[in-house]
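The next block holds one structure in the form of structure tokens; read it before the comments.
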Amino acid sequence: MPQPKALIIGAGIAGIATAIRLAVKGYNVDVFEVNSYPGGKLSEFEQQGYRFDAGPSLFTMPQYVDELFRLAGKNPADAFTYQRLDPVCNYFYADGSRFTAYADEDKFAAEAEAVLQQPAGQVRRYFQKSKAIYQITNHVFLEQSLHRLKTFLSKRTLRSVLRLPQIDALRTMHSANQKELSSKRIVQFFNRYATYNGSDPYQAPATLNVIPHLEQHFGAYFPDKGMYSITTSLVKLAEELGVTFHYGQPVQQIITAGNKATALQVNNNFIKADVIVSNMDVWFTYRKLLSKRPELFPEKILNQQRSSSALIFYWGISRQFAELDLHNIFFSGDYEAEFNHIWKQKNISSDPTIYLNISSKFKPDDAPPGHENWFVMINVPANTGQDWNTLIAKARQDIINKLSGQSGQDIASLITCESILDPRSIESRTSSYQGALYGTSSNNRFAAFLRHANRSSKLKNLYFCGGSVHPGGGIPLALLSAKIVSDWIGD
Ligand code: FAD
């Protein structure tokens, strides 16, 4: 029998993982990527002797990467290594207090009691609840398609479905956190997890309080060769399995015949396929690649609110800061006002929470000796045509003022070089609608059900993977989408 042919649109992390899984399944796989490099949002760049991971900086659930090597019969540790972080992150509050988030739960709870006056017992109960939500939701919402009858026919799923009232979907994250924790500062700490999928803690369901369990129990990690080594090691694995990557090759159109996707148009050539998987944002997949078939567009799903975006300053810094670590958060004084700016006014607060990542703390060759590579990020609204140049200039000054105040150093004078990524450039570099980091937002309790399925309901052999479809954005979920797609294909 001839080898079945799979074509993948996009070499984002989900496209690469799908390519690996389909190659292992016996498919002949070609991946078409518009950029000259793989990885999409998970990419890197260099400027004046500093290396920066361009997008993701927090690595969780490394087992989903390891699984791909094992599937191919390889030892993951031969190709991709990482270390567990402890502490995970430093938090600097507006009142001057500093909280260290330790990986060990008891140590974390003791620190919360000592620094934030948060009773340790409440914190331990909070983590237990977070774990319980994980145990109910993981199997149903994350590891399988919500759009297959098969998913709901297993006893395990049915057991989870019966426990759904326990997932706390009726309260918002903030109202649950406020009820269950007495310190305002720890409420702010746990509210921040909404931003892990680009949502608003004052609107998103308390089900998202599952995220602290993922970070606390499964851990946060740093890949020894930087975040981009997730991409490069998986591309290498895919190539060893016979996958061909075509860079600088934008897919122009998905060719269809009736209820089948038959080929891709690339460089005005037509390449036939048995199966097509789009790792391109689902919004653009329909509007650009299927523009001749508007009757196929699932408008209600495509028009879901998008997640937040980000504004990032990549700064070379001409000295080192002993008080900072790999992950650092400088909280705003009024968190609710900050989220109102993002979600209601669709602009940027003058006191944004600043995330500062310094990979040279763990990988010293990411910066020249005595220097640091600062990845300075704030959450901002998705791009709906704001006057970004004005917003960015103001935010840059606000950030410099805040970091200078907190550190007692004139930060502006330490910046040796700068690059900026904003919602417009995220959109243009990765074809992500409105520059959203995580596809659609999770700001309503039905969000999990309203995310696009991993398979087209109208074109039998067209599948979707990546952060804009089920189960959602972030590296772990993008990798799970690849698993769902490849399990579905040929089943
Ligand atoms: P993408 O990375 O979006 O890749 C899609 C690919 O498809 C791109 O390479 C694009 O060029 C290509 N493509 C699009 N259209 C075409 C076409 N017509 N033809 C050919 N190719 C095409 N996640 C975390 O887990 N931890 C973090 O700390 C974190 N931080 C983040 C910070 C930033 C600034 C950003 C931007 C994202 C962050 N994320 C984080 C989210 C994470 O990066 C994404 O969810 C994940 O990388 C998405 O992968 P993907 O496979 O869906 O697609």
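Each chain in the structure tokens gets a letter, A, B and so on, in the order shown; residues start at 1 in every chain, and ligands are counted from 1 in the order they appear.
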
Practice problem: Would you list the contacts of Phe449 in chain A as a list in words, taking every protein, DNA or RNA residue within 10 Å and counting only C-alpha atoms, but skipping same-chain residues closer than 3 positions in sequence? | Solution: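 Counting only C-alpha atoms, the residues come to Phe141, Leu146, His147, Ile301, Arg445, Phe446, His452, Ala453, His470 and Pro471 of chain A.
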
I'd like the contact shell of Gly258 in chain A - 8 Å cut-off, only C-alpha atoms, skipping same-chain residues fewer than 2 positions apart - returned as a PDB file with N, CA and C atoms, in the first residue's frame.
ATOM      1  N   THR A 256     -10.383  22.222  -2.308  1.00  0.00           N
ATOM      2  CA  THR A 256     -11.419  21.294  -1.845  1.00  0.00           C
ATOM      3  C   THR A 256     -12.215  20.756  -3.028  1.00  0.00           C
ATOM      4  N   LYS A 260     -14.319  17.175   0.757  1.00  0.00           N
ATOM      5  CA  LYS A 260     -12.922  16.748   1.006  1.00  0.00           C
ATOM      6  C   LYS A 260     -11.945  17.887   0.725  1.00  0.00           C
ATOM      7  N   LEU A 459     -15.320  19.304   6.097  1.00  0.00           N
ATOM      8  CA  LEU A 459     -14.331  18.715   5.178  1.00  0.00           C
ATOM      9  C   LEU A 459     -13.673  17.546   5.915  1.00  0.00           C
TER      10      LEU A 459
END

Quiz item: Could you list, as a count of residues only, all the residues within 6 Å of ligand 1, counting only C-alpha atoms and all ligand atoms?
Solution: 38

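Distance check against Leu391 in chain A using only C-alpha atoms: of A:Gly242, A:Asp422, A:Ile136, A:Ala261, the minimum falls on A:Asp422.
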
Quiz prompt | Distance criterion (only C-alpha atoms): nearest to Ala447 in chain A out of A:Arg306, A:His371, A:His174, A:Lys402 | solution = A:Arg306

Quiz item: Near Ala382 in chain A, within 7 Å and counting only C-alpha atoms, which residues show up once chain neighbours fewer than 5 positions away are dropped, as a VMD selection string?
Solution: chain A and resid 306 to 309 423 434 to 436

Practice problem: Tell me, as a ChimeraX atom specification, which residues lie within 12 Å of Arg159 in chain A, counting only C-alpha atoms; anything in the same chain fewer than 6 positions away does not count. | Solution: /A:135-137,139-140,152-153,165

Exercise. Considering only C-alpha atoms, state which residue in the set A:Leu71, A:Val380, A:Ile317, A:Leu324 is at the smallest distance from Ala412 in chain A.
Key: A:Ile317

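Reported to one decimal place, the separation of CA of Gln48 in chain A from CA of Gly370 in chain A is 14.3 Å.
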
Residues within 12 Å of Arg319 in chain A, please, as a PDB file with N, CA, C and O atoms, in the first residue's frame. Count only C-alpha atoms; anything in the same chain fewer than 5 positions from it doesn't count.
ATOM      1  N   LEU A 324      17.576  39.658  41.305  1.00  0.00           N
ATOM      2  CA  LEU A 324      16.610  39.119  40.341  1.00  0.00           C
ATOM      3  C   LEU A 324      16.971  37.688  39.981  1.00  0.00           C
ATOM      4  O   LEU A 324      18.116  37.261  40.111  1.00  0.00           O
ATOM      5  N   SER A 360      19.669  34.675  30.903  1.00  0.00           N
ATOM      6  CA  SER A 360      21.120  34.582  31.155  1.00  0.00           C
ATOM      7  C   SER A 360      21.421  34.207  32.605  1.00  0.00           C
ATOM      8  O   SER A 360      22.551  33.843  32.931  1.00  0.00           O
ATOM      9  N   ALA A 367      24.085  36.400  27.320  1.00  0.00           N
ATOM     10  CA  ALA A 367      24.447  37.830  27.409  1.00  0.00           C
ATOM     11  C   ALA A 367      25.963  37.943  27.527  1.00  0.00           C
ATOM     12  O   ALA A 367      26.624  37.018  28.020  1.00  0.00           O
ATOM     13  N   PRO A 368      26.552  39.060  27.099  1.00  0.00           N
ATOM     14  CA  PRO A 368      27.999  39.246  27.273  1.00  0.00           C
ATOM     15  C   PRO A 368      28.345  39.230  28.770  1.00  0.00           C
ATOM     16  O   PRO A 368      27.480  39.527  29.611  1.00  0.00           O
ATOM     17  N   PRO A 369      29.611  38.917  29.114  1.00  0.00           N
ATOM     18  CA  PRO A 369      29.989  38.861  30.536  1.00  0.00           C
ATOM     19  C   PRO A 369      29.618  40.151  31.271  1.00  0.00           C
ATOM     20  O   PRO A 369      29.821  41.258  30.750  1.00  0.00           O
ATOM     21  N   GLY A 370      29.033  40.007  32.463  1.00  0.00           N
ATOM     22  CA  GLY A 370      28.663  41.168  33.264  1.00  0.00           C
ATOM     23  C   GLY A 370      27.341  41.805  32.851  1.00  0.00           C
ATOM     24  O   GLY A 370      26.887  42.753  33.481  1.00  0.00           O
ATOM     25  N   HIS A 371      26.725  41.292  31.783  1.00  0.00           N
ATOM     26  CA  HIS A 371      25.453  41.854  31.290  1.00  0.00           C
ATOM     27  C   HIS A 371      24.311  40.857  31.507  1.00  0.00           C
ATOM     28  O   HIS A 371      24.528  39.701  31.852  1.00  0.00           O
ATOM     29  N   GLU A 372      23.089  41.317  31.239  1.00  0.00           N
ATOM     30  CA  GLU A 372      21.914  40.446  31.293  1.00  0.00           C
ATOM     31  C   GLU A 372      21.010  40.720  30.094  1.00  0.00           C
ATOM     32  O   GLU A 372      21.001  41.833  29.552  1.00  0.00           O
ATOM     33  N   ASN A 373      20.265  39.689  29.691  1.00  0.00           N
ATOM     34  CA  ASN A 373      19.281  39.869  28.592  1.00  0.00           C
ATOM     35  C   ASN A 373      17.889  39.967  29.206  1.00  0.00           C
ATOM     36  O   ASN A 373      17.370  39.007  29.731  1.00  0.00           O
ATOM     37  N   TRP A 374      17.308  41.110  29.173  1.00  0.00           N
ATOM     38  CA  TRP A 374      16.001  41.330  29.803  1.00  0.00           C
ATOM     39  C   TRP A 374      14.876  41.209  28.774  1.00  0.00           C
ATOM     40  O   TRP A 374      14.865  41.919  27.757  1.00  0.00           O
ATOM     41  N   GLN A 409      17.971  51.966  40.477  1.00  0.00           N
ATOM     42  CA  GLN A 409      18.948  52.167  39.383  1.00  0.00           C
ATOM     43  C   GLN A 409      18.256  52.908  38.245  1.00  0.00           C
ATOM     44  O   GLN A 409      17.064  52.678  38.005  1.00  0.00           O
ATOM     45  N   ASP A 410      18.997  53.721  37.514  1.00  0.00           N
ATOM     46  CA  ASP A 410      18.422  54.362  36.335  1.00  0.00           C
ATOM     47  C   ASP A 410      18.465  53.339  35.190  1.00  0.00           C
ATOM     48  O   ASP A 410      19.485  53.189  34.504  1.00  0.00           O
ATOM     49  N   ILE A 411      17.344  52.625  35.016  1.00  0.00           N
ATOM     50  CA  ILE A 411      17.334  51.508  34.059  1.00  0.00           C
ATOM     51  C   ILE A 411      17.588  52.002  32.632  1.00  0.00           C
ATOM     52  O   ILE A 411      18.309  51.352  31.868  1.00  0.00           O
ATOM     53  N   SER A 413      19.502  54.148  31.456  1.00  0.00           N
ATOM     54  CA  SER A 413      20.923  54.332  31.121  1.00  0.00           C
ATOM     55  C   SER A 413      21.655  52.986  30.983  1.00  0.00           C
ATOM     56  O   SER A 413      22.795  52.943  30.517  1.00  0.00           O
ATOM     57  N   LEU A 414      21.011  51.893  31.381  1.00  0.00           N
ATOM     58  CA  LEU A 414      21.661  50.576  31.297  1.00  0.00           C
ATOM     59  C   LEU A 414      21.293  49.818  30.017  1.00  0.00           C
ATOM     60  O   LEU A 414      21.864  48.771  29.718  1.00  0.00           O
ATOM     61  N   ILE A 415      20.314  50.356  29.273  1.00  0.00           N
ATOM     62  CA  ILE A 415      19.843  49.640  28.071  1.00  0.00           C
ATOM     63  C   ILE A 415      20.851  49.850  26.937  1.00  0.00           C
ATOM     64  O   ILE A 415      21.049  50.972  26.474  1.00  0.00           O
ATOM     65  N   THR A 416      21.455  48.748  26.481  1.00  0.00           N
ATOM     66  CA  THR A 416      22.467  48.869  25.423  1.00  0.00           C
ATOM     67  C   THR A 416      21.868  48.639  24.044  1.00  0.00           C
ATOM     68  O   THR A 416      22.421  49.071  23.031  1.00  0.00           O
TER      69      THR A 416
END

Quiz prompt | Among listed residues A:Leu302, A:Leu214, A:Ala94, A:Ala263, nearest Val282 in chain A (using only C-alpha atoms) | solution = A:Leu302

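With distances restricted to only C-alpha atoms, A:Phe331 is the closest residue to Gln406 in chain A from A:Phe331, A:Trp388, A:Tyr50, A:Tyr228.
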
Quiz prompt | Contact residues around Asp491 in chain A with only C-alpha atoms at 12 Å, ignoring same-chain residues under 4 positions, as a list in words | solution =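 Once the adjacent positions are removed, what remains is Lys25, Arg148, Lys150, Asn461, Ile484, Val485, Ser486 and Asp487 of chain A.
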
Writer output for current selection, N, CA, C and O atoms, as a short mmCIF file (atom, residue, chain, number, x, y, z; two decimals), in the first residue's frame:
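Okay, out.cif is ready:
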data_model
loop_
_atom_site.label_atom_id
_atom_site.label_comp_id
_atom_site.auth_asym_id
_atom_site.auth_seq_id
_atom_site.Cartn_x
_atom_site.Cartn_y
_atom_site.Cartn_z
N LYS A 25 3.17 7.27 12.85
CA LYS A 25 2.00 6.47 12.43
C LYS A 25 2.13 5.94 11.01
O LYS A 25 1.24 5.26 10.52
N ARG A 148 -16.16 14.67 19.85
CA ARG A 148 -16.32 13.30 19.37
C ARG A 148 -17.22 12.56 20.34
O ARG A 148 -16.98 12.59 21.56
N LYS A 150 -17.19 9.52 20.83
CA LYS A 150 -16.34 8.51 21.48
C LYS A 150 -15.84 9.00 22.85
O LYS A 150 -15.73 8.23 23.79
N ASN A 461 -11.32 15.37 5.73
CA ASN A 461 -9.90 15.10 6.03
C ASN A 461 -9.11 16.37 6.36
O ASN A 461 -7.90 16.43 6.16
N ILE A 484 -4.33 14.91 20.07
CA ILE A 484 -5.74 14.66 19.75
C ILE A 484 -5.91 14.47 18.23
O ILE A 484 -6.57 13.54 17.78
N VAL A 485 -5.27 15.35 17.46
CA VAL A 485 -5.38 15.26 15.99
C VAL A 485 -4.83 13.94 15.48
O VAL A 485 -5.47 13.23 14.70
N SER A 486 -3.64 13.58 15.93
CA SER A 486 -3.04 12.37 15.35
C SER A 486 -3.76 11.10 15.83
O SER A 486 -3.81 10.12 15.10
N ASP A 487 -4.34 11.15 17.04
CA ASP A 487 -5.15 9.99 17.47
C ASP A 487 -6.41 9.86 16.61
O ASP A 487 -6.90 8.77 16.35
#

Quiz item: Residues at most 9 Å from Gln3 in chain A, counting only C-alpha atoms, excluding those fewer than 5 positions away in the same chain, as a VMD selection string?
Solution: chain A and resid 26 to 28

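Restricting the calculation to only C-alpha atoms, the smallest distance between Ile186 in chain A and any of A:Leu170, A:Ala120, A:Leu237, A:Ile400 is found for A:Ala120.
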